[in-house]
Amino acid sequence: MDIFSGLLSGFQVIFQPVNFLYCFLGVFVGTLIGVLPGIGPVGAMSILLPTTFGVSPIAGVVMLAGIYYGAMYGGSTTSILVNIPGEAASVITCLDGYQMARKGRAGPALGMAALGSFIGGTFSIIALMFLAYPLSEAAVKFGPPEYFSLMCMGLVVVTYLARGSLSKALVMAILGLILGVVGTDPISGKLRFTLGFPDLADGIDLVPLAMGLFGISEVLTNIEKPIKRMIFQTKIQHLLPTREDWKNSVGPIVRGSFTGFFLGILPGGGSILSSFVSYSMEKKISKHPEKFGTGIIEGIAGPETANNAATGGAFVPLLALGIPPNIVMALLFGALLVHGVYPGPMLIKQHPEIFWGTIASMYVGNAMLLVLNLPLIGLWVKLLKVPYRILFPLILLFTLIGSYTINNKTFDVLVMICFGLVGYILRKFQYEEAPLILAFILGPILEQAFRQSLIMSNGSLAIFVSRPIAFVALALSAALLASTVIGIFRQARKRVAEIE
Amino acid sequence: MRKKLLFGLVVACCALVMALQADGKENYPTKNIELVCPYGAGGSTSMGARIIAGTLSEMIGRTVVVNNKPGAGGSIGAEYVAKAKPDGYTLFVSNSGSNGVTPAIRSVRYKNEDFELFGQYAIQALGLVVRSDAPWKSVDELVQHAKQNPGALKFATSGIGTSGHFCMELFKKAGGDLKIEHVPFKSGPEYIAALLGGHVHMGILYLVDIKGPLEAGKLRLLAPATEKRLEDYPNVPTFGEKGYPEVKMTAWYGVSAPVGLPKEVSEKLKTSLAKTFQHPEVKKMLTQIGYAPVYKDAEEFSRFVKEEESKLTQIAKEANIKID
C-alpha cells in the first residue's frame, strides 16, 4: 500500500509542468545522442550537469535519468541502419538488426527495438519499485569469487555467438581475451602490451573498438561491391512489427527483461553484458539457432529489451545503497549531492519526493520515448535511400567525431581506424566480431576477479566451491560447456557415419 | 552584388581577427579558455572543475570550458598541459593524483616544475572504514588483531597507487609493519560494494563516497586521516589522536598553467582565480559535492605540492608501489 501511495505522490511531482518539461528534455537529448554513434550519455550528461545546479534536485535528476535511458532507445538506430553501434550496449543489435534492414525490414527492426525497450524499461521500473531494497542486500553478496564464476559462464556463452565455424569463433574469443589484457595489470601494476603508449595504460576503449570492427569495416566491405546496394531498394513493406514478429518476440522480451534487470544491478555488470547474454540465451534455446545473424526479430527483441531493463537495475544500488554502479549513475549521484541530497538507504525516508518522483518520471519518460521514437521510424528508414556515395562519408565523419569525443583523444580515433582495417580483413576470411567483443569485455573482469579471490583465500582455489553462489555458477558453466562439447561430438559422429 | 558583399564581409572579418590578435596580450583573455581535467567526465574532479569554470568565466569575462582528458592516472591530461603553449588559454586542474601519486609511481613525461600553480581550492578527506558488524571498534583493536593474525586481514582500494592505497601503506607502517593484504579493485563502486558485502575487511577511502552507508550504519568509520576531527563525524578521533600522527593524507585540488606565462596574464589569472576560489557560492557548491573548500594561495600551494611530492615518492619507494 505504501508503494502505491508513494508512486501516486511521485506522479504528482512529475506532472508538475517544470518537471514534465525537464523529463521531456532529457529523453529528447538522450534519443539524439543515442542515435549519434560514439557520443554516449556520459558526455551529454556531464555537459548538462551544471545546468541542474540551478533547478530543483528532482528536475535535475529526472532530466539526467531521461538522457540515460533515452540513449538506450536511440542506440539501436544506427546499429540497425548502418551496422554501427550508436551505444556500446547496442553492439549486439548490429548482428540481426542490420541484416533485417538489408532485407528491407528496417521498419519492424526499429519498431521492435523501441517497443522492446519500452517493455524492458517499464518492467525494470516495476521491479525497482518493489525489489530495490531486498535486491540491494543480495547484490553485495556478489564478491570476487562470484564475479569470477559468472564471467566463466559468460565465456562459455561465447560459443553460442558463433554463426559459422565454431573454431573460428573460438579464435576470435581468444583474440578478444588478448586485447583485453592490454593495459595495466590490475594486481601488480605492470604495464602489459602498451608498446610505450601512455594512452594504452588503461587498456583499449570498447567503443572505438566496436565502432571500428562493425562500422568502418562495414563501409570498407560495401565500397568494394556496389551492387549490394540494390538490396536496400527492395520495397519496404511494413514500418511496424507484424503479428508474426510479435509472436516470435514475446519470449525474448520476457527473458530479456529479467536478464537485463538482474545483470544491471551488479556493479560493473550492466547493460552491455546483459544485451550479449540475452542474445546468446535466445540463440541457445531457439529451435532454429542457425537463423540468428541472418536478420531475425528475436535477435533484436531480446537484447534491446535487456539493455533497457538494465538501466532500471542500475538504479538499485544507487537508490538503495548509495553506490553508483557506473559512471552514468555517478553523474546522477553528483547531481543529487549538489543539492545536499545523499542517495542511499536513507533516501526514501529523507526525501520520498525524490525517490518516488524519479520512479514516476521513468514511467512517464518511457512512454514519451515510445511516442517520440515510433514516428521517427519512417524517417530513419528513408535515410536508407540516401545514396552510398553520400551516406558513407557521413558515416565515416560521424564515427570519427564519435570516437574522439569519448575521451577527447586522437588516439581513440586511431584505434578505431586500426580496428576498422582489422575488421575488414576478418570479414574477408569470414571471422565474426561478436565473440571477440564479448571476450574483450569479460576477460579483464574475469582475470581481476580470479586474482582478487586468490588474495582473499590466501591462494586456495577452494574459495570457488565453498561459496554457494560461486559454486552454482561454476557448476552451471561446466554443464553448459559439457552440453556444447557433446553436441559437437554428436555432429562429428553423424558426419563420419554419413561418409561411411 | 552578392559577391561583393561577401568579399567585404570576409575582409572585415580578417581585419577583426588581426586586430584581436595584435593586442591579444594586453587584453587577455580574447578567446575562450580551456580548463583541462585529467579524469573522466563522470568523476568528482570533473564536477569540481565545472564549478570552478562557471565562476571563473564570470570573473575573467570569457567562457572557461572544461576539457576532460582522462587516462593513465591523470598523466595524459597533465602531459597535454605541460606541453601546451603558455599563453593562459590552457589551464589545468592540478591535483594529488596527476601531480602527486602518479609521478611517484609511473614514468611520466612531465614534472611539477612544468606548472605554475595559482592556488588550491579544495581537499577531500580520507578515512579508515570497516563494516559495521566488524569486531573492531577502534584503530587500536584493529592493529592488535592484525598483529596477532598476520596476513589474515585484507584491505581494498580502488586501484594500485590511489590515495587510499598510499594512506593504507602509511597506516600499515605506523601500526608496526602490519601484514594486511591488498585487494585492488578497478573503481570506487565495486570496492565499496565489496566492503559492504564483507568480502574485504577494510579500506581507506573518500568519505563523501560512503556518506550514505555511513549514515545508515552499514559501515563504521574508525579514524579519519585528517589533521582535525571532521564536522560530520565529531566523535571519531583522528589517526593522530590515536597515536599514529604520520597517517595523514588528503586529496587536494588546485589550478595551474604551463610555466612561462606572460607576466600580465599570470597576474590576471592569479587574482581571478583567488577571487573564484574564495567566492561563497563556489565554496558552498564544492561543499555540497563532498569537498572541503580549503583555500591556499599560490605560494603556499606551491610549497605544499613540493612537500607532498617528496612525501609520496618516499612512501612509493618504501612500499614498492609502482606502475611500469
# chains A, B, ... in the order shown; residues from 1 in each chain; ligands from 1
$ closest_atom_pairs --of "chain A" --to "chain B" --cutoff "8 Å" --atoms "only C-alpha atoms" --output "CSV"
residue,atom,partner,partner_atom,distance
A:Val42,CA,B:Gly42,CA,6.7
A:Gly43,CA,B:Ala41,CA,6.5
A:Ser46,CA,B:Ala41,CA,5.8
A:Pro50,CA,B:Arg50,CA,7.1
A:Val140,CA,B:Gly197,CA,4.5
A:Lys141,CA,B:Gly197,CA,5.2
A:Phe142,CA,B:Gly197,CA,7.3
A:Gly143,CA,B:His199,CA,5.8
A:Pro144,CA,B:His199,CA,7.8
A:Thr184,CA,B:Ile323,CA,7.5
A:Pro186,CA,B:Pro184,CA,7.0
A:Ile187,CA,B:Pro184,CA,6.3
A:Ser188,CA,B:Ile323,CA,7.8
A:Gly189,CA,B:Ile323,CA,4.5
A:Lys190,CA,B:Asp324,CA,5.0
A:Leu191,CA,B:Asp324,CA,5.3
A:Pro198,CA,B:Ala72,CA,6.3
A:Asp199,CA,B:Gly71,CA,6.5
A:Leu200,CA,B:Ala72,CA,7.9
A:Ala201,CA,B:Ala72,CA,5.3
A:Asp202,CA,B:Ala72,CA,5.9
A:Pro267,CA,B:Glu190,CA,5.7
A:Gly268,CA,B:Glu190,CA,6.9
A:Leu321,CA,B:Pro213,CA,6.6
A:Gly322,CA,B:Gly212,CA,5.4
A:Ile323,CA,B:Pro189,CA,5.7
A:Pro324,CA,B:Pro189,CA,6.1
A:Pro325,CA,B:Pro189,CA,5.7
A:Asn326,CA,B:Pro189,CA,7.6
A:Ile327,CA,B:Gly42,CA,5.4
A:Val328,CA,B:Gly42,CA,6.8
A:Ala330,CA,B:Gly42,CA,6.2
A:Leu331,CA,B:Gly42,CA,5.4
A:Gly334,CA,B:Ile289,CA,6.4
A:Leu337,CA,B:Ile289,CA,5.0
A:Val338,CA,B:Gln288,CA,4.8
A:His339,CA,B:Gln288,CA,6.6
A:Gly340,CA,B:Gln288,CA,5.6
A:Tyr342,CA,B:Gly212,CA,6.1
A:Pro343,CA,B:Gly212,CA,6.4
A:Gly344,CA,B:Gly212,CA,4.7
A:Pro345,CA,B:Ala216,CA,6.3
A:Met346,CA,B:Ala216,CA,6.5
A:Asn407,CA,B:Lys69,CA,5.9
A:Asn408,CA,B:Lys69,CA,5.9
A:Lys409,CA,B:Lys69,CA,7.1
A:Gln448,CA,B:Phe185,CA,7.9
A:Gln452,CA,B:Val183,CA,5.8
A:Ile455,CA,B:Val183,CA,6.7
A:Met456,CA,B:Lys154,CA,6.9
$ residues_around --residues "range 259-272 of chain B" --least-positions-apart "2" --cutoff "12 Å" --atoms "only C-alpha atoms" --output "VMD selection string"
chain B and resid 24 to 30 33 52 to 53 55 to 62 81 to 92 110 to 120 254 to 257 274 to 279 296 to 299
$ atom_distance --atom1 "CA of Tyr98 in chain A" --atom2 "CA of Pro41 in chain A"
22.9 Å
$ closest_residue --among "B:Gly164, B:Ala122, B:Ile180, B:Pro258" --to "Asn458 in chain A" --atoms "only C-alpha atoms"
B:Ile180
$ closest_residue --among "A:Pro241, A:Gly104, A:Gly86, A:Gly260" --to "Gly295 in chain A" --atoms "only C-alpha atoms"
A:Gly104
$ residues_around --residues "range 376-387 of chain A" --least-positions-apart "5" --cutoff "10 Å" --atoms "only C-alpha atoms" --output "ChimeraX atom specification"
/A:77-78,80-82,101-102,104-111,114,229,232-233,236,238-240,370-371,392
$ write_last_selection --atoms "N, CA and C atoms" --output "CSV table (one decimal), in the first residue's frame"
chain,number,residue,atom,x,y,z
A,77,THR,N,19.3,2.5,-33.3
A,77,THR,CA,19.0,3.0,-34.6
A,77,THR,C,20.1,2.8,-35.7
A,78,THR,N,21.3,3.3,-35.3
A,78,THR,CA,22.4,3.2,-36.3
A,78,THR,C,22.9,1.7,-36.4
A,80,ILE,N,21.0,-0.8,-36.5
A,80,ILE,CA,20.1,-1.4,-37.5
A,80,ILE,C,20.4,-0.9,-38.9
A,81,LEU,N,20.5,0.4,-39.0
A,81,LEU,CA,20.5,1.1,-40.3
A,81,LEU,C,21.8,0.9,-41.0
A,82,VAL,N,22.9,1.1,-40.3
A,82,VAL,CA,24.2,1.2,-41.0
A,82,VAL,C,25.3,0.3,-40.3
A,101,ALA,N,17.6,-4.9,-41.9
A,101,ALA,CA,17.5,-3.7,-42.8
A,101,ALA,C,17.9,-4.1,-44.2
A,102,ARG,N,18.8,-4.9,-44.4
A,102,ARG,CA,19.2,-5.3,-45.7
A,102,ARG,C,18.1,-6.1,-46.5
A,104,GLY,N,15.1,-5.2,-46.2
A,104,GLY,CA,14.0,-4.3,-46.4
A,104,GLY,C,13.1,-4.3,-45.2
A,105,ARG,N,13.6,-4.8,-44.0
A,105,ARG,CA,12.7,-4.9,-42.9
A,105,ARG,C,13.2,-4.0,-41.7
A,106,ALA,N,13.8,-2.9,-42.1
A,106,ALA,CA,14.4,-1.9,-41.1
A,106,ALA,C,13.3,-1.4,-40.2
A,107,GLY,N,12.1,-1.2,-40.8
A,107,GLY,CA,10.9,-0.7,-40.0
A,107,GLY,C,10.6,-1.6,-38.8
A,108,PRO,N,10.3,-2.9,-39.1
A,108,PRO,CA,9.9,-3.7,-38.0
A,108,PRO,C,11.1,-3.9,-37.0
A,109,ALA,N,12.3,-3.8,-37.5
A,109,ALA,CA,13.5,-4.0,-36.6
A,109,ALA,C,13.5,-2.8,-35.6
A,110,LEU,N,13.4,-1.6,-36.2
A,110,LEU,CA,13.4,-0.4,-35.4
A,110,LEU,C,12.2,-0.4,-34.4
A,111,GLY,N,11.1,-0.8,-35.0
A,111,GLY,CA,9.9,-0.8,-34.2
A,111,GLY,C,10.0,-1.7,-33.0
A,114,ALA,N,12.2,-0.3,-30.3
A,114,ALA,CA,11.6,0.7,-29.5
A,114,ALA,C,10.6,0.1,-28.5
A,229,ARG,N,24.0,-2.7,-53.0
A,229,ARG,CA,23.1,-1.6,-52.7
A,229,ARG,C,21.7,-1.9,-53.1
A,232,PHE,N,18.8,-2.8,-50.7
A,232,PHE,CA,18.1,-1.8,-49.9
A,232,PHE,C,16.9,-1.2,-50.7
A,233,GLN,N,17.0,-1.4,-52.0
A,233,GLN,CA,15.9,-0.8,-52.7
A,233,GLN,C,14.7,-1.7,-52.9
A,236,ILE,N,10.1,-1.5,-49.0
A,236,ILE,CA,9.9,-1.7,-47.5
A,236,ILE,C,8.5,-1.9,-47.2
A,238,HIS,N,6.6,-3.2,-44.2
A,238,HIS,CA,6.0,-2.7,-43.0
A,238,HIS,C,6.9,-1.8,-42.3
A,239,LEU,N,6.2,-0.9,-41.6
A,239,LEU,CA,7.0,0.0,-40.7
A,239,LEU,C,7.0,-0.5,-39.3
A,240,LEU,N,6.0,-1.3,-39.0
A,240,LEU,CA,5.9,-1.8,-37.6
A,240,LEU,C,6.0,-3.3,-37.7
A,370,LEU,N,8.5,6.2,-26.4
A,370,LEU,CA,7.8,5.4,-27.4
A,370,LEU,C,7.1,6.3,-28.4
A,371,VAL,N,6.4,7.4,-27.9
A,371,VAL,CA,5.7,8.3,-28.7
A,371,VAL,C,6.7,9.0,-29.6
A,392,PHE,N,28.2,7.1,-47.0
A,392,PHE,CA,29.5,6.6,-46.5
A,392,PHE,C,30.3,7.7,-45.9
$ decode --residues "range 291-309 of chain B" --atoms "N, CA, C and O atoms" --output "mmCIF file, in the first residue's frame"
data_model
loop_
_atom_site.group_PDB
_atom_site.id
_atom_site.type_symbol
_atom_site.label_atom_id
_atom_site.label_comp_id
_atom_site.auth_asym_id
_atom_site.auth_seq_id
_atom_site.Cartn_x
_atom_site.Cartn_y
_atom_site.Cartn_z
ATOM 1 N N TYR B 291 33.496 18.167 -1.212
ATOM 2 C CA TYR B 291 34.821 18.716 -0.993
ATOM 3 C C TYR B 291 34.839 19.536 0.290
ATOM 4 O O TYR B 291 33.813 20.062 0.709
ATOM 5 N N ALA B 292 36.025 19.688 0.886
ATOM 6 C CA ALA B 292 36.212 20.714 1.902
ATOM 7 C C ALA B 292 36.924 21.863 1.198
ATOM 8 O O ALA B 292 38.056 21.698 0.747
ATOM 9 N N PRO B 293 36.261 23.016 1.034
ATOM 10 C CA PRO B 293 36.871 24.105 0.273
ATOM 11 C C PRO B 293 37.982 24.805 1.061
ATOM 12 O O PRO B 293 37.786 25.893 1.591
ATOM 13 N N VAL B 294 39.123 24.179 1.156
ATOM 14 C CA VAL B 294 40.255 24.767 1.883
ATOM 15 C C VAL B 294 41.122 25.525 0.887
ATOM 16 O O VAL B 294 41.716 24.926 -0.005
ATOM 17 N N TYR B 295 41.168 26.840 1.065
ATOM 18 C CA TYR B 295 41.901 27.678 0.115
ATOM 19 C C TYR B 295 43.366 27.811 0.506
ATOM 20 O O TYR B 295 43.699 27.978 1.679
ATOM 21 N N LYS B 296 44.245 27.692 -0.487
ATOM 22 C CA LYS B 296 45.660 28.014 -0.280
ATOM 23 C C LYS B 296 46.056 28.949 -1.418
ATOM 24 O O LYS B 296 45.690 28.698 -2.565
ATOM 25 N N ASP B 297 46.826 30.008 -1.093
ATOM 26 C CA ASP B 297 47.228 30.901 -2.182
ATOM 27 C C ASP B 297 48.389 30.276 -2.968
ATOM 28 O O ASP B 297 48.910 29.216 -2.602
ATOM 29 N N ALA B 298 48.773 30.966 -4.028
ATOM 30 C CA ALA B 298 49.740 30.391 -4.965
ATOM 31 C C ALA B 298 51.026 29.928 -4.273
ATOM 32 O O ALA B 298 51.506 28.818 -4.510
ATOM 33 N N GLU B 299 51.572 30.787 -3.409
ATOM 34 C CA GLU B 299 52.854 30.450 -2.769
ATOM 35 C C GLU B 299 52.717 29.248 -1.847
ATOM 36 O O GLU B 299 53.500 28.305 -1.900
ATOM 37 N N GLU B 300 51.711 29.336 -0.986
ATOM 38 C CA GLU B 300 51.515 28.277 -0.008
ATOM 39 C C GLU B 300 51.275 26.942 -0.708
ATOM 40 O O GLU B 300 51.808 25.906 -0.327
ATOM 41 N N PHE B 301 50.456 27.000 -1.779
ATOM 42 C CA PHE B 301 50.123 25.787 -2.524
ATOM 43 C C PHE B 301 51.379 25.200 -3.175
ATOM 44 O O PHE B 301 51.604 23.994 -3.126
ATOM 45 N N SER B 302 52.202 26.067 -3.755
ATOM 46 C CA SER B 302 53.419 25.574 -4.412
ATOM 47 C C SER B 302 54.322 24.867 -3.406
ATOM 48 O O SER B 302 54.894 23.809 -3.695
ATOM 49 N N ARG B 303 54.442 25.474 -2.221
ATOM 50 C CA ARG B 303 55.264 24.865 -1.178
ATOM 51 C C ARG B 303 54.694 23.495 -0.793
ATOM 52 O O ARG B 303 55.405 22.500 -0.697
ATOM 53 N N PHE B 304 53.381 23.500 -0.598
ATOM 54 C CA PHE B 304 52.689 22.280 -0.175
ATOM 55 C C PHE B 304 52.866 21.148 -1.196
ATOM 56 O O PHE B 304 53.150 20.008 -0.837
ATOM 57 N N VAL B 305 52.726 21.488 -2.469
ATOM 58 C CA VAL B 305 52.833 20.455 -3.512
ATOM 59 C C VAL B 305 54.226 19.843 -3.503
ATOM 60 O O VAL B 305 54.397 18.630 -3.673
ATOM 61 N N LYS B 306 55.238 20.684 -3.272
ATOM 62 C CA LYS B 306 56.618 20.163 -3.185
ATOM 63 C C LYS B 306 56.761 19.160 -2.052
ATOM 64 O O LYS B 306 57.341 18.093 -2.218
ATOM 65 N N GLU B 307 56.213 19.532 -0.892
ATOM 66 C CA GLU B 307 56.280 18.639 0.271
ATOM 67 C C GLU B 307 55.583 17.317 -0.046
ATOM 68 O O GLU B 307 56.104 16.234 0.233
ATOM 69 N N GLU B 308 54.386 17.430 -0.609
ATOM 70 C CA GLU B 308 53.611 16.237 -0.946
ATOM 71 C C GLU B 308 54.389 15.334 -1.889
ATOM 72 O O GLU B 308 54.404 14.119 -1.739
ATOM 73 N N GLU B 309 55.028 15.963 -2.875
ATOM 74 C CA GLU B 309 55.770 15.195 -3.878
ATOM 75 C C GLU B 309 56.834 14.334 -3.209
ATOM 76 O O GLU B 309 56.939 13.134 -3.477
#
